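Quick look at entry_23.cif (mmCIF, C-alpha atoms):
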```cif
data_protein
#
loop_
_atom_site.label_atom_id
_atom_site.label_comp_id
_atom_site.auth_asym_id
_atom_site.auth_seq_id
_atom_site.Cartn_x
_atom_site.Cartn_y
_atom_site.Cartn_z
CA MET A 184 -3.43 2.28 25.23
CA GLN A 185 -0.54 0.13 26.46
CA ASN A 186 2.25 -0.77 24.05
CA LEU A 187 2.52 -4.46 23.17
CA VAL A 188 5.47 -6.71 22.32
CA LEU A 189 5.05 -10.14 20.69
CA LYS A 190 8.22 -12.23 20.86
CA ASN A 191 9.41 -15.74 20.04
CA ILE A 192 6.83 -15.97 17.26
CA SER A 193 7.30 -19.37 15.61
CA GLY A 194 6.05 -18.08 12.24
CA LEU A 195 5.14 -14.50 11.37
CA TYR A 196 3.08 -14.34 8.17
CA ARG A 197 3.48 -10.75 7.04
CA VAL A 198 1.60 -11.22 3.71
CA ALA A 199 3.45 -8.22 2.20
CA THR A 200 6.80 -6.59 2.94
CA HIS A 201 7.31 -3.86 0.33
CA GLY A 202 4.09 -1.87 0.43
CA GLU A 203 2.23 -4.06 -2.06
CA LEU A 204 -1.40 -2.98 -2.31
CA ARG A 205 -2.58 -6.39 -3.59
CA LYS A 206 -1.20 -9.67 -4.81
CA SER A 207 -2.09 -11.39 -8.07
CA GLY A 208 -1.75 -14.86 -9.54
CA SER A 209 1.37 -16.71 -8.42
CA GLN A 210 2.27 -13.88 -6.01
CA MET A 211 -0.61 -15.01 -3.81
CA SER A 212 1.21 -18.18 -2.77
CA ASP A 213 3.85 -16.12 -0.96
CA ALA A 214 2.49 -15.04 2.43
CA CYS A 215 5.92 -13.70 3.46
CA LEU A 216 6.79 -16.06 6.29
CA LEU A 217 9.36 -14.76 8.80
CA PRO A 218 10.41 -17.52 11.25
CA ASP A 219 11.45 -16.88 14.86
CA ALA A 220 10.21 -13.31 14.83
CA TYR A 221 9.05 -10.42 16.99
CA VAL A 222 6.62 -7.53 16.54
CA VAL A 223 6.57 -4.30 18.55
CA LEU A 224 3.32 -2.34 18.64
CA MET A 225 3.05 1.24 19.85
CA GLY A 226 -0.49 2.45 20.32
CA ASP A 227 -2.50 1.42 17.28
CA ARG A 228 0.52 1.09 14.95
CA ILE A 229 3.14 -1.51 14.11
CA GLN A 230 6.47 -0.03 15.22
CA ARG A 231 9.07 -2.76 14.62
CA ILE A 232 9.30 -6.20 13.00
CA GLY A 233 12.30 -8.50 12.91
CA ILE A 234 13.92 -11.79 13.84
CA MET A 235 14.69 -12.73 17.43
CA ASP A 236 18.45 -12.63 16.78
CA ASN A 237 18.02 -8.84 16.60
CA TYR A 238 15.60 -8.51 19.51
CA ASP A 239 16.30 -5.87 22.17
CA SER A 240 14.76 -6.54 25.58
CA ALA A 241 14.76 -2.79 26.21
CA TRP A 242 11.63 -2.63 24.06
CA GLU A 243 9.77 -4.45 26.82
CA SER A 244 9.99 -1.48 29.19
CA GLY A 245 6.51 -0.08 29.79
CA SER A 246 4.96 -2.64 27.43
CA GLU A 247 2.83 -5.75 27.81
CA VAL A 248 4.86 -8.71 26.57
CA LEU A 249 3.44 -11.88 25.04
CA ASP A 250 5.61 -14.95 24.53
CA CYS A 251 4.29 -16.47 21.27
CA SER A 252 6.46 -19.59 21.33
CA GLY A 253 5.04 -22.25 19.04
CA ARG A 254 2.39 -19.92 17.67
CA LEU A 255 1.76 -18.25 14.33
CA VAL A 256 0.97 -14.55 13.95
CA MET A 257 -0.72 -13.08 10.87
CA PRO A 258 -2.78 -10.03 9.86
CA GLY A 259 -6.34 -9.80 11.09
CA PHE A 260 -8.89 -10.87 8.49
CA VAL A 261 -10.38 -8.14 6.28
CA ASP A 262 -13.92 -9.30 5.52
CA SER A 263 -14.87 -7.12 2.56
CA HIS A 264 -18.45 -8.35 1.99
CA THR A 265 -21.01 -8.74 4.80
CA HIS A 266 -24.60 -7.92 5.71
CA ILE A 267 -24.35 -8.21 9.51
CA VAL A 268 -26.96 -5.54 10.26
CA PHE A 269 -30.17 -7.54 9.92
CA ALA A 270 -33.34 -8.11 11.89
CA LYS A 271 -33.89 -11.82 12.26
CA SER A 272 -32.57 -15.16 11.06
CA ARG A 273 -34.48 -17.08 8.38
CA GLU A 274 -34.58 -20.70 9.55
CA GLU A 275 -37.98 -21.27 7.93
CA GLU A 276 -36.47 -20.66 4.48
CA PHE A 277 -33.59 -22.97 5.36
CA VAL A 278 -36.14 -25.75 5.89
CA ASP A 279 -37.92 -24.81 2.63
CA ARG A 280 -34.66 -25.25 0.75
CA ILE A 281 -34.11 -28.64 2.39
CA LYS A 282 -37.53 -29.57 1.00
CA GLY A 283 -36.42 -28.58 -2.51
CA MET A 284 -37.25 -24.91 -3.06
CA THR A 285 -34.60 -22.82 -4.79
CA TYR A 286 -33.28 -19.43 -3.66
CA GLU A 287 -35.08 -17.83 -6.62
CA GLN A 288 -38.39 -19.55 -5.83
CA ILE A 289 -38.25 -18.37 -2.24
CA ALA A 290 -37.54 -14.81 -3.42
CA GLU A 291 -40.42 -14.91 -5.93
CA ARG A 292 -42.95 -15.71 -3.20
CA GLY A 293 -41.79 -12.76 -1.06
CA GLY A 294 -39.10 -14.51 0.92
CA GLY A 295 -35.38 -13.90 0.94
CA ILE A 296 -34.33 -10.26 0.93
CA LEU A 297 -37.95 -9.06 1.05
CA ASN A 298 -38.56 -11.20 4.14
CA SER A 299 -35.58 -9.57 5.85
CA ALA A 300 -36.81 -6.13 4.79
CA ARG A 301 -40.23 -6.66 6.40
CA LYS A 302 -38.63 -7.71 9.67
CA LEU A 303 -36.06 -4.91 9.67
CA ARG A 304 -38.60 -2.16 9.03
CA ALA A 305 -40.40 -3.22 12.21
CA MET A 306 -37.30 -3.09 14.44
CA SER A 307 -35.98 -0.06 16.26
CA GLU A 308 -32.50 1.30 15.70
CA ASP A 309 -31.49 0.33 19.25
CA GLU A 310 -32.65 -3.27 18.74
CA LEU A 311 -30.74 -3.55 15.48
CA LEU A 312 -27.63 -2.05 17.05
CA GLY A 313 -27.60 -4.48 19.96
CA ASP A 314 -27.76 -7.49 17.67
CA ALA A 315 -25.19 -6.07 15.24
CA VAL A 316 -22.72 -5.34 18.03
CA ASP A 317 -23.04 -8.94 19.23
CA ARG A 318 -22.23 -10.17 15.71
CA ALA A 319 -19.30 -7.76 15.45
CA TRP A 320 -17.78 -9.16 18.65
CA GLU A 321 -18.43 -12.68 17.37
CA VAL A 322 -16.41 -12.15 14.21
CA LEU A 323 -13.75 -10.02 15.90
CA MET A 324 -12.95 -12.78 18.38
CA SER A 325 -12.62 -15.26 15.51
CA GLY A 326 -10.02 -13.05 13.82
CA THR A 327 -11.81 -10.41 11.70
CA THR A 328 -10.41 -6.98 12.54
CA THR A 329 -11.83 -5.06 9.55
CA ILE A 330 -15.31 -5.50 8.14
CA GLU A 331 -17.46 -4.07 5.37
CA ILE A 332 -21.18 -3.81 6.18
CA LYS A 333 -23.90 -3.29 3.57
CA SER A 334 -27.38 -1.89 3.89
CA GLY A 335 -30.06 -3.42 1.65
CA TYR A 336 -32.58 -4.94 4.06
CA GLY A 337 -34.58 -1.73 4.39
CA LEU A 338 -35.54 -0.91 0.80
CA ASP A 339 -37.11 2.40 1.77
CA LEU A 340 -35.44 5.69 2.63
CA GLU A 341 -35.87 5.62 6.40
CA SER A 342 -34.97 1.95 6.85
CA GLU A 343 -31.87 2.14 4.64
CA LEU A 344 -30.63 5.17 6.58
CA LYS A 345 -31.41 3.34 9.83
CA MET A 346 -29.26 0.39 8.77
CA LEU A 347 -26.31 2.58 7.86
CA ARG A 348 -26.56 4.60 11.05
CA VAL A 349 -26.46 1.35 13.02
CA ALA A 350 -23.45 0.10 11.05
CA ASN A 351 -21.56 3.31 11.72
CA LYS A 352 -22.32 3.16 15.46
CA ILE A 353 -20.85 -0.32 15.92
CA GLN A 354 -17.31 0.99 16.39
CA ALA A 355 -18.41 2.84 19.53
CA PHE A 356 -19.11 -0.54 21.15
CA CYS A 357 -16.62 -2.88 19.42
CA PRO A 358 -13.08 -2.06 18.19
CA ILE A 359 -13.61 -3.71 14.79
CA ASP A 360 -12.84 -1.33 11.89
CA VAL A 361 -16.13 -0.79 9.98
CA HIS A 362 -16.56 0.35 6.35
CA THR A 363 -20.09 0.88 5.04
CA THR A 364 -21.82 0.32 1.71
CA PHE A 365 -25.20 1.56 0.47
CA LEU A 366 -27.05 -1.38 -1.12
CA GLY A 367 -30.55 0.02 -1.56
CA ALA A 368 -30.49 -1.77 -4.92
CA HIS A 369 -30.65 -5.19 -3.24
CA ALA A 370 -34.17 -6.00 -4.47
CA ILE A 371 -37.34 -4.28 -5.69
CA PRO A 372 -39.62 -3.78 -2.64
CA PRO A 373 -43.24 -5.01 -2.85
CA GLU A 374 -44.69 -1.50 -3.03
CA PHE A 375 -42.76 -0.92 -6.27
CA LYS A 376 -43.40 -4.35 -7.79
CA HIS A 377 -45.22 -2.76 -10.74
CA ASP A 378 -43.13 0.43 -10.83
CA ARG A 379 -39.45 -0.46 -11.19
CA LYS A 380 -38.63 2.94 -12.64
CA GLY A 381 -40.22 4.57 -9.61
CA TYR A 382 -37.91 2.66 -7.28
CA ILE A 383 -34.87 3.53 -9.41
CA ARG A 384 -35.89 7.20 -9.11
CA LEU A 385 -36.19 6.81 -5.34
CA LEU A 386 -32.73 5.25 -5.20
CA THR A 387 -31.02 7.80 -7.40
CA GLN A 388 -32.87 11.00 -6.47
CA GLU A 389 -33.60 10.53 -2.76
CA MET A 390 -31.74 7.63 -1.11
CA ILE A 391 -28.25 8.17 -2.53
CA PRO A 392 -28.28 11.97 -1.94
CA ALA A 393 -29.47 11.39 1.66
CA VAL A 394 -26.77 8.76 2.32
CA ALA A 395 -24.11 11.09 0.93
CA ALA A 396 -25.40 14.10 2.85
CA GLU A 397 -25.09 12.24 6.16
CA LYS A 398 -21.77 10.63 5.10
CA LEU A 399 -23.19 7.23 6.02
CA ALA A 400 -21.41 5.12 3.36
CA LYS A 401 -18.20 5.00 1.33
CA TYR A 402 -19.43 2.66 -1.40
CA VAL A 403 -22.51 2.01 -3.53
CA ASP A 404 -23.48 -1.55 -4.48
CA VAL A 405 -26.08 -3.08 -6.84
CA PHE A 406 -27.37 -6.66 -7.07
CA CYS A 407 -26.92 -6.97 -10.84
CA ASP A 408 -28.26 -10.44 -11.50
CA LYS A 409 -31.11 -12.51 -12.89
CA GLY A 410 -34.38 -11.50 -11.24
CA PHE A 411 -32.92 -8.43 -9.56
CA PHE A 412 -31.39 -5.39 -11.34
CA THR A 413 -30.54 -5.18 -15.04
CA VAL A 414 -27.30 -3.85 -16.47
CA GLU A 415 -29.06 -0.65 -17.55
CA GLU A 416 -30.57 -0.11 -14.09
CA THR A 417 -27.20 -0.84 -12.51
CA GLU A 418 -25.52 1.79 -14.67
CA GLU A 419 -28.07 4.42 -13.66
CA ILE A 420 -27.64 3.65 -9.96
CA LEU A 421 -23.84 3.56 -10.12
CA GLU A 422 -23.75 6.88 -11.96
CA ALA A 423 -25.87 8.47 -9.23
CA GLY A 424 -23.58 7.04 -6.57
CA ILE A 425 -20.45 8.28 -8.31
CA ARG A 426 -21.94 11.79 -8.61
CA HIS A 427 -22.31 11.78 -4.84
CA GLY A 428 -18.82 10.47 -4.10
CA LEU A 429 -19.61 6.77 -3.53
CA ARG A 430 -17.22 4.15 -4.93
CA PRO A 431 -18.87 1.32 -6.93
CA LYS A 432 -19.00 -2.32 -5.83
CA ILE A 433 -21.18 -4.96 -7.51
CA HIS A 434 -23.06 -8.15 -6.62
CA ALA A 435 -22.48 -10.02 -9.88
CA ASN A 436 -23.09 -13.40 -11.50
CA GLU A 437 -24.41 -15.30 -8.49
CA LEU A 438 -27.43 -16.67 -10.35
CA ALA A 439 -26.55 -16.20 -14.03
CA HIS A 440 -24.08 -14.69 -16.50
CA SER A 441 -25.72 -11.34 -15.77
CA GLY A 442 -23.36 -8.78 -17.28
CA GLY A 443 -22.52 -7.64 -13.75
CA VAL A 444 -18.79 -8.21 -14.20
CA GLU A 445 -18.69 -6.17 -17.38
CA VAL A 446 -20.68 -3.26 -15.96
CA GLY A 447 -18.53 -3.31 -12.82
CA VAL A 448 -15.35 -3.06 -14.87
CA ARG A 449 -16.82 -0.29 -17.05
CA TYR A 450 -17.49 1.78 -13.96
CA ASN A 451 -14.13 0.97 -12.34
CA ALA A 452 -15.75 -0.88 -9.43
CA LEU A 453 -13.43 -1.71 -6.57
CA SER A 454 -14.75 -5.26 -6.64
CA VAL A 455 -17.29 -7.56 -8.26
CA ASP A 456 -18.56 -10.09 -5.73
CA HIS A 457 -20.08 -13.61 -5.83
CA LEU A 458 -19.09 -14.76 -9.36
CA GLU A 459 -20.46 -18.29 -9.03
CA CYS A 460 -21.47 -18.05 -12.72
CA THR A 461 -18.21 -16.89 -14.25
CA GLY A 462 -16.46 -18.12 -17.36
CA ASP A 463 -13.42 -17.33 -19.46
CA ALA A 464 -15.01 -14.24 -21.00
CA GLU A 465 -15.59 -12.59 -17.62
CA ILE A 466 -12.10 -13.54 -16.44
CA GLU A 467 -10.62 -11.90 -19.53
CA VAL A 468 -12.58 -8.72 -18.83
CA LEU A 469 -11.28 -8.68 -15.25
CA LEU A 470 -7.71 -9.18 -16.44
CA GLN A 471 -7.96 -5.90 -18.35
CA SER A 472 -9.01 -3.98 -15.23
CA GLN A 473 -8.12 -3.12 -11.64
CA THR A 474 -11.44 -4.51 -10.36
CA ILE A 475 -10.97 -7.29 -7.80
CA PRO A 476 -12.99 -10.52 -8.03
CA THR A 477 -14.38 -11.38 -4.59
CA VAL A 478 -15.52 -14.94 -4.05
CA LEU A 479 -17.94 -15.98 -1.30
CA PRO A 480 -17.59 -19.71 -0.57
CA GLY A 481 -19.91 -19.53 2.44
CA CYS A 482 -22.80 -18.69 0.13
CA SER A 483 -22.06 -21.63 -2.18
CA PHE A 484 -21.74 -23.97 0.79
CA PHE A 485 -25.02 -22.92 2.40
CA LEU A 486 -27.12 -22.70 -0.78
CA GLY A 487 -25.58 -25.78 -2.39
CA ILE A 488 -24.70 -23.90 -5.57
CA ASP A 489 -21.54 -23.87 -7.67
CA TYR A 490 -18.41 -22.28 -6.24
CA ALA A 491 -16.78 -19.39 -8.04
CA PRO A 492 -13.78 -20.55 -10.11
CA ALA A 493 -11.15 -19.07 -7.79
CA ARG A 494 -8.47 -21.57 -8.83
CA LYS A 495 -8.83 -20.64 -12.49
CA MET A 496 -8.85 -16.93 -11.63
CA ILE A 497 -5.59 -17.19 -9.69
CA ASP A 498 -3.96 -19.34 -12.38
CA ARG A 499 -4.91 -16.68 -14.96
CA GLY A 500 -3.25 -13.97 -12.85
CA LEU A 501 -6.11 -12.25 -11.02
CA SER A 502 -6.04 -10.74 -7.51
CA VAL A 503 -8.69 -12.89 -5.86
CA CYS A 504 -10.35 -11.81 -2.61
CA VAL A 505 -12.28 -14.13 -0.26
CA ALA A 506 -15.05 -12.80 2.02
CA SER A 507 -17.77 -14.31 4.20
CA ASP A 508 -21.03 -12.77 2.88
CA TYR A 509 -22.31 -13.09 6.47
CA ASN A 510 -26.09 -12.64 6.14
CA PRO A 511 -29.29 -14.35 7.37
CA GLY A 512 -30.36 -15.92 4.09
CA SER A 513 -27.51 -17.32 2.04
CA SER A 514 -24.45 -17.34 4.32
CA PRO A 515 -25.19 -17.23 8.06
CA ALA A 516 -21.51 -17.74 8.90
CA GLY A 517 -19.06 -14.95 9.66
CA ASN A 518 -16.16 -17.01 10.98
CA MET A 519 -13.37 -16.49 8.46
CA GLN A 520 -11.51 -19.55 9.76
CA PHE A 521 -14.37 -21.64 8.37
CA ILE A 522 -14.41 -19.60 5.14
CA TRP A 523 -10.66 -20.26 4.84
CA SER A 524 -11.32 -24.00 5.01
CA LEU A 525 -13.97 -23.76 2.27
CA ALA A 526 -11.60 -21.75 0.06
CA CYS A 527 -9.04 -24.53 0.33
CA THR A 528 -11.25 -27.61 0.22
CA ARG A 529 -13.85 -26.45 -2.30
CA MET A 530 -11.97 -23.87 -4.38
CA LYS A 531 -8.56 -25.57 -4.25
CA MET A 532 -6.77 -22.49 -3.00
CA LEU A 533 -3.50 -23.04 -1.16
CA PRO A 534 -3.55 -22.00 2.52
CA GLU A 535 -1.19 -19.12 1.75
CA GLU A 536 -3.30 -17.97 -1.22
CA ALA A 537 -6.43 -17.95 0.91
CA LEU A 538 -4.69 -15.99 3.67
CA VAL A 539 -3.60 -13.34 1.17
CA ALA A 540 -7.11 -13.29 -0.28
CA MET A 541 -8.66 -12.70 3.18
CA THR A 542 -6.19 -10.01 4.27
CA LEU A 543 -4.29 -7.89 1.75
CA ASN A 544 -6.66 -8.48 -1.17
CA GLY A 545 -9.64 -7.94 1.12
CA ALA A 546 -8.15 -4.57 2.01
CA ALA A 547 -7.61 -3.83 -1.69
CA ALA A 548 -11.30 -4.58 -2.36
CA LEU A 549 -12.05 -1.69 0.02
CA ASP A 550 -9.13 0.50 -1.12
CA ILE A 551 -7.57 0.49 2.36
CA SER A 552 -4.38 -1.51 1.68
CA LEU A 553 -2.22 1.38 2.85
CA GLU A 554 -3.82 1.04 6.28
CA THR A 555 -4.26 -2.69 6.92
CA GLY A 556 -4.15 -6.17 5.36
CA SER A 557 -0.46 -6.93 5.97
CA LEU A 558 2.05 -6.69 8.80
CA GLU A 559 4.31 -3.78 7.87
CA VAL A 560 5.76 -0.97 9.94
CA GLY A 561 3.36 1.97 10.14
CA LYS A 562 0.23 -0.02 9.42
CA ARG A 563 -2.67 -0.44 11.83
CA ALA A 564 -1.91 -2.98 14.55
CA ASP A 565 -4.40 -5.67 13.48
CA LEU A 566 -3.13 -9.19 14.19
CA ILE A 567 -4.16 -12.75 14.91
CA ILE A 568 -2.25 -14.99 17.35
CA THR A 569 -3.02 -18.67 16.83
CA GLU A 570 -2.95 -21.51 19.27
CA PRO A 571 0.28 -23.56 19.09
CA MET A 572 0.73 -25.10 15.63
CA GLU A 573 3.51 -26.09 13.29
CA SER A 574 1.94 -25.30 9.93
CA LEU A 575 -0.28 -22.64 8.37
CA ALA A 576 -2.23 -25.47 6.72
CA ARG A 577 -3.57 -26.42 10.13
CA MET A 578 -5.84 -23.37 10.09
CA PRO A 579 -8.02 -24.54 7.15
CA TYR A 580 -7.45 -28.22 8.02
CA TYR A 581 -9.80 -27.95 11.02
CA PRO A 582 -13.00 -26.38 9.61
CA ALA A 583 -14.97 -26.47 12.87
CA ARG A 584 -12.26 -25.62 15.39
CA ASP A 585 -11.53 -22.11 16.64
CA GLN A 586 -7.74 -21.86 16.45
CA VAL A 587 -7.39 -18.15 17.24
CA GLU A 588 -5.96 -17.69 20.73
CA ALA A 589 -5.87 -13.88 20.76
CA VAL A 590 -6.70 -10.93 18.52
CA VAL A 591 -5.14 -7.47 18.38
CA ALA A 592 -7.47 -4.85 16.89
CA GLY A 593 -6.11 -1.36 16.49
CA GLY A 594 -3.48 -2.13 19.11
CA GLN A 595 -5.96 -3.51 21.66
CA LEU A 596 -5.32 -7.07 22.82
CA PHE A 597 -8.22 -9.48 23.31
CA GLU A 598 -7.29 -12.89 24.73
CA LYS A 599 -9.64 -15.87 25.03
#
```
Could you quickly redo this structure as structure tokens?
Amino acid sequence: MQNLVLKNISGLYRVATHGELRKSGSQMSDACLLPDAYVVLMGDRIQRIGIMDNYDSAWESGSEVLDCSGRLVMPGFVDSHTHIVFAKSREEEFVDRIKGMTYEQIAERGGGILNSARKLRAMSEDELLGDAVDRAWEVLMSGTTTIEIKSGYGLDLESELKMLRVANKIQAFCPIDVHTTFLGAHAIPPEFKHDRKGYIRLLTQEMIPAVAAEKLAKYVDVFCDKGFFTVEETEEILEAGIRHGLRPKIHANELAHSGGVEVGVRYNALSVDHLECTGDAEIEVLLQSQTIPTVLPGCSFFLGIDYAPARKMIDRGLSVCVASDYNPGSSPAGNMQFIWSLACTRMKMLPEEALVAMTLNGAAALDISLETGSLEVGKRADLIITEPMESLARMPYYPARDQVEAVVAGGQLFEK
């Protein structure tokens, strides 16, 4: 791997400079801008950072050099909540929603997650992998250098394992950094419609042990919400995951005040995600914890539902994370530049706050802040180089324009 030097950077947004693992509240508005800067990368690591007044041209020897005049450089996006391993898109449900059906109504008739599960069970591992690799390249070239990928569209032992095997193979074909989550508790499959306890037993006694035995996932997730899994069922599944070394994450409060936030905090979940139905009581619970609230504006945009109260969460002092929720049903959009625009225009986050939420706090939601999420010496060389621009606000200002000119993922440069 060739060493890389970026010089004459108009604005280097480091996000953190003193080893911070996350940023909270008012800290999120400081994205650590360093004007007229350089970055030296050696292999897959950041070697040097500074201002051009202290630049030494000797560093260029044996390196590829990029003149970043007029451009901004920032950490690659850390998308901490996605479902990019899926079988087919669901345009027919999109049309049903245009005609007035709700997400819950579609799910009740066997659509939604169950629709995706039927399609995925019928696909081979190779077919799934080819499509997932295409999506991984799609998001990488728009700036996402680290991604979390959930299972949850299999809902039986073999299909869930198939999904996770596919997710883990992506890195052999695309240099995006992948972190995997077991989400067998995404919905109750049709064959267990009248035997919920039987499916919980399958999850806790067969699926989770098998996932752990093959080391296919780092995290366990549960859709704790109205019409899906109860607080009591969530506790049982999380406890099984913890026994097998999986860190908890929670789908919470998308459809109702479900108790998902509270159960996530009780079990020290890394994050509770969605949070469209979140009030002062849940915010207070989060303030007493280390659990990170992850908001998913792409889901609210596509489903036409309320947005999570990110502005209130930040003003109260929380470490808010923003992710894409890229999936075929409720958020078929993985471009974090677009998600950034939604965070600003719909959630009233400042551009700097949203950048922190999509980088350092995204890494914190996966417990990998020591490795990525900010531009600091020793961290993984994951960077975005923008097209020429004068202001960070230009990134969310243009919601439909790709403004990433090049991406560095693990030290590898990809130019458009």
Using the chain letters and numbers from the file, which residues does the PyMOL selection byres ((chain A and resi 297-304) around 9) grab, as a short mmCIF file (atom, residue, chain, number, x, y, z; two decimals) with C-alpha atoms, in the frame of the given file?
```cif
data_model
loop_
_atom_site.label_atom_id
_atom_site.label_comp_id
_atom_site.auth_asym_id
_atom_site.auth_seq_id
_atom_site.Cartn_x
_atom_site.Cartn_y
_atom_site.Cartn_z
CA PHE A 269 -30.17 -7.54 9.92
CA ALA A 270 -33.34 -8.11 11.89
CA LYS A 271 -33.89 -11.82 12.26
CA SER A 272 -32.57 -15.16 11.06
CA ARG A 273 -34.48 -17.08 8.38
CA ALA A 290 -37.54 -14.81 -3.42
CA GLY A 293 -41.79 -12.76 -1.06
CA GLY A 294 -39.10 -14.51 0.92
CA GLY A 295 -35.38 -13.90 0.94
CA ILE A 296 -34.33 -10.26 0.93
CA ALA A 305 -40.40 -3.22 12.21
CA MET A 306 -37.30 -3.09 14.44
CA SER A 307 -35.98 -0.06 16.26
CA LEU A 311 -30.74 -3.55 15.48
CA GLY A 335 -30.06 -3.42 1.65
CA TYR A 336 -32.58 -4.94 4.06
CA GLY A 337 -34.58 -1.73 4.39
CA LEU A 338 -35.54 -0.91 0.80
CA ASP A 339 -37.11 2.40 1.77
CA GLU A 341 -35.87 5.62 6.40
CA SER A 342 -34.97 1.95 6.85
CA MET A 346 -29.26 0.39 8.77
CA ALA A 370 -34.17 -6.00 -4.47
CA ILE A 371 -37.34 -4.28 -5.69
CA PRO A 372 -39.62 -3.78 -2.64
CA PRO A 373 -43.24 -5.01 -2.85
CA PRO A 511 -29.29 -14.35 7.37
CA GLY A 512 -30.36 -15.92 4.09
#
```
Using only C-alpha atoms, tabulate the residues of region 477-496 of chain A lying at most 6 Å from any atom of region 445-459 of chain A, each with its closest atom pair and that distance in Å to one decimal, by chain and increasing residue number, as a tab-separated table.
```
residue	atom	partner	partner_atom	distance
A:Thr477	CA	A:Asp456	CA	4.5
A:Val478	CA	A:His457	CA	5.1
A:Leu479	CA	A:His457	CA	5.5
A:Asp489	CA	A:Glu459	CA	5.8
A:Tyr490	CA	A:Glu459	CA	5.3
A:Ala491	CA	A:Glu459	CA	4.0
```
### Query
For the atom pair CA of Ala350 (chain A) and CA of Val316 (chain A), what is the interatomic distance in Å to one decimal place?
8.9 Å
### Task
For region 436-442 of chain A, please output as a list in words all residues within 8 Å (counting all atoms listed in the file; exclusion window: fewer than 5 positions along the same chain).
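In the requested form, the answer reads Cys407, Asp408, Lys409, Thr413, Val414, His457, Leu458, Glu459, Cys460 and Thr461 of chain A.
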Quick one: write out the picked residues with C-alpha atoms as a compact mmCIF listing (two decimals), keeping the file's coordinate frame?
```
# COMPACT_ATOMS: atom_id res chain seq x y z
CA CYS A 407 -26.92 -6.97 -10.84
CA ASP A 408 -28.26 -10.44 -11.50
CA LYS A 409 -31.11 -12.51 -12.89
CA THR A 413 -30.54 -5.18 -15.04
CA VAL A 414 -27.30 -3.85 -16.47
CA HIS A 457 -20.08 -13.61 -5.83
CA LEU A 458 -19.09 -14.76 -9.36
CA GLU A 459 -20.46 -18.29 -9.03
CA CYS A 460 -21.47 -18.05 -12.72
CA THR A 461 -18.21 -16.89 -14.25
```
### Query
With distances taken over all atoms listed in the file, which of A:Pro582, A:Gly233, A:Gly545, A:Gly594 is nearest to His362 (chain A)?
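Among the listed residues, the smallest separation from His362 (chain A) belongs to A:Gly545.
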Which residues would end up in the selection if the PyMOL selection byres ((chain A and resi 588) around 6) were applied here, given that I need the answer as a PDB file with C-alpha atoms, in the coordinates of the input?
```
ATOM      1  CA  ILE A 568      -2.250 -14.990  17.350  1.00  0.00           C
ATOM      2  CA  THR A 569      -3.020 -18.670  16.830  1.00  0.00           C
ATOM      3  CA  GLU A 570      -2.950 -21.510  19.270  1.00  0.00           C
ATOM      4  CA  VAL A 587      -7.390 -18.150  17.240  1.00  0.00           C
ATOM      5  CA  ALA A 589      -5.870 -13.880  20.760  1.00  0.00           C
ATOM      6  CA  LYS A 599      -9.640 -15.870  25.030  1.00  0.00           C
TER       7      LYS A 599
END
```
### Query
What does the PyMOL selection byres ((chain A and resi 403) around 12) select in this file, as a PyMOL selection string?
chain A and resi 331-335+362-369+386-387+390-392+394-395+399-402+404-406+417-434+447+450+452-455+549
Could those selected residues go to a file with C-alpha atoms, as a short mmCIF file (atom, residue, chain, number, x, y, z; two decimals), in the frame of the given file?
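Full text of part_31.cif as output:
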```
data_model
loop_
_atom_site.label_atom_id
_atom_site.label_comp_id
_atom_site.auth_asym_id
_atom_site.auth_seq_id
_atom_site.Cartn_x
_atom_site.Cartn_y
_atom_site.Cartn_z
CA GLU A 331 -17.46 -4.07 5.37
CA ILE A 332 -21.18 -3.81 6.18
CA LYS A 333 -23.90 -3.29 3.57
CA SER A 334 -27.38 -1.89 3.89
CA GLY A 335 -30.06 -3.42 1.65
CA HIS A 362 -16.56 0.35 6.35
CA THR A 363 -20.09 0.88 5.04
CA THR A 364 -21.82 0.32 1.71
CA PHE A 365 -25.20 1.56 0.47
CA LEU A 366 -27.05 -1.38 -1.12
CA GLY A 367 -30.55 0.02 -1.56
CA ALA A 368 -30.49 -1.77 -4.92
CA HIS A 369 -30.65 -5.19 -3.24
CA LEU A 386 -32.73 5.25 -5.20
CA THR A 387 -31.02 7.80 -7.40
CA MET A 390 -31.74 7.63 -1.11
CA ILE A 391 -28.25 8.17 -2.53
CA PRO A 392 -28.28 11.97 -1.94
CA VAL A 394 -26.77 8.76 2.32
CA ALA A 395 -24.11 11.09 0.93
CA LEU A 399 -23.19 7.23 6.02
CA ALA A 400 -21.41 5.12 3.36
CA LYS A 401 -18.20 5.00 1.33
CA TYR A 402 -19.43 2.66 -1.40
CA ASP A 404 -23.48 -1.55 -4.48
CA VAL A 405 -26.08 -3.08 -6.84
CA PHE A 406 -27.37 -6.66 -7.07
CA THR A 417 -27.20 -0.84 -12.51
CA GLU A 418 -25.52 1.79 -14.67
CA GLU A 419 -28.07 4.42 -13.66
CA ILE A 420 -27.64 3.65 -9.96
CA LEU A 421 -23.84 3.56 -10.12
CA GLU A 422 -23.75 6.88 -11.96
CA ALA A 423 -25.87 8.47 -9.23
CA GLY A 424 -23.58 7.04 -6.57
CA ILE A 425 -20.45 8.28 -8.31
CA ARG A 426 -21.94 11.79 -8.61
CA HIS A 427 -22.31 11.78 -4.84
CA GLY A 428 -18.82 10.47 -4.10
CA LEU A 429 -19.61 6.77 -3.53
CA ARG A 430 -17.22 4.15 -4.93
CA PRO A 431 -18.87 1.32 -6.93
CA LYS A 432 -19.00 -2.32 -5.83
CA ILE A 433 -21.18 -4.96 -7.51
CA HIS A 434 -23.06 -8.15 -6.62
CA GLY A 447 -18.53 -3.31 -12.82
CA TYR A 450 -17.49 1.78 -13.96
CA ALA A 452 -15.75 -0.88 -9.43
CA LEU A 453 -13.43 -1.71 -6.57
CA SER A 454 -14.75 -5.26 -6.64
CA VAL A 455 -17.29 -7.56 -8.26
CA LEU A 549 -12.05 -1.69 0.02
#
```
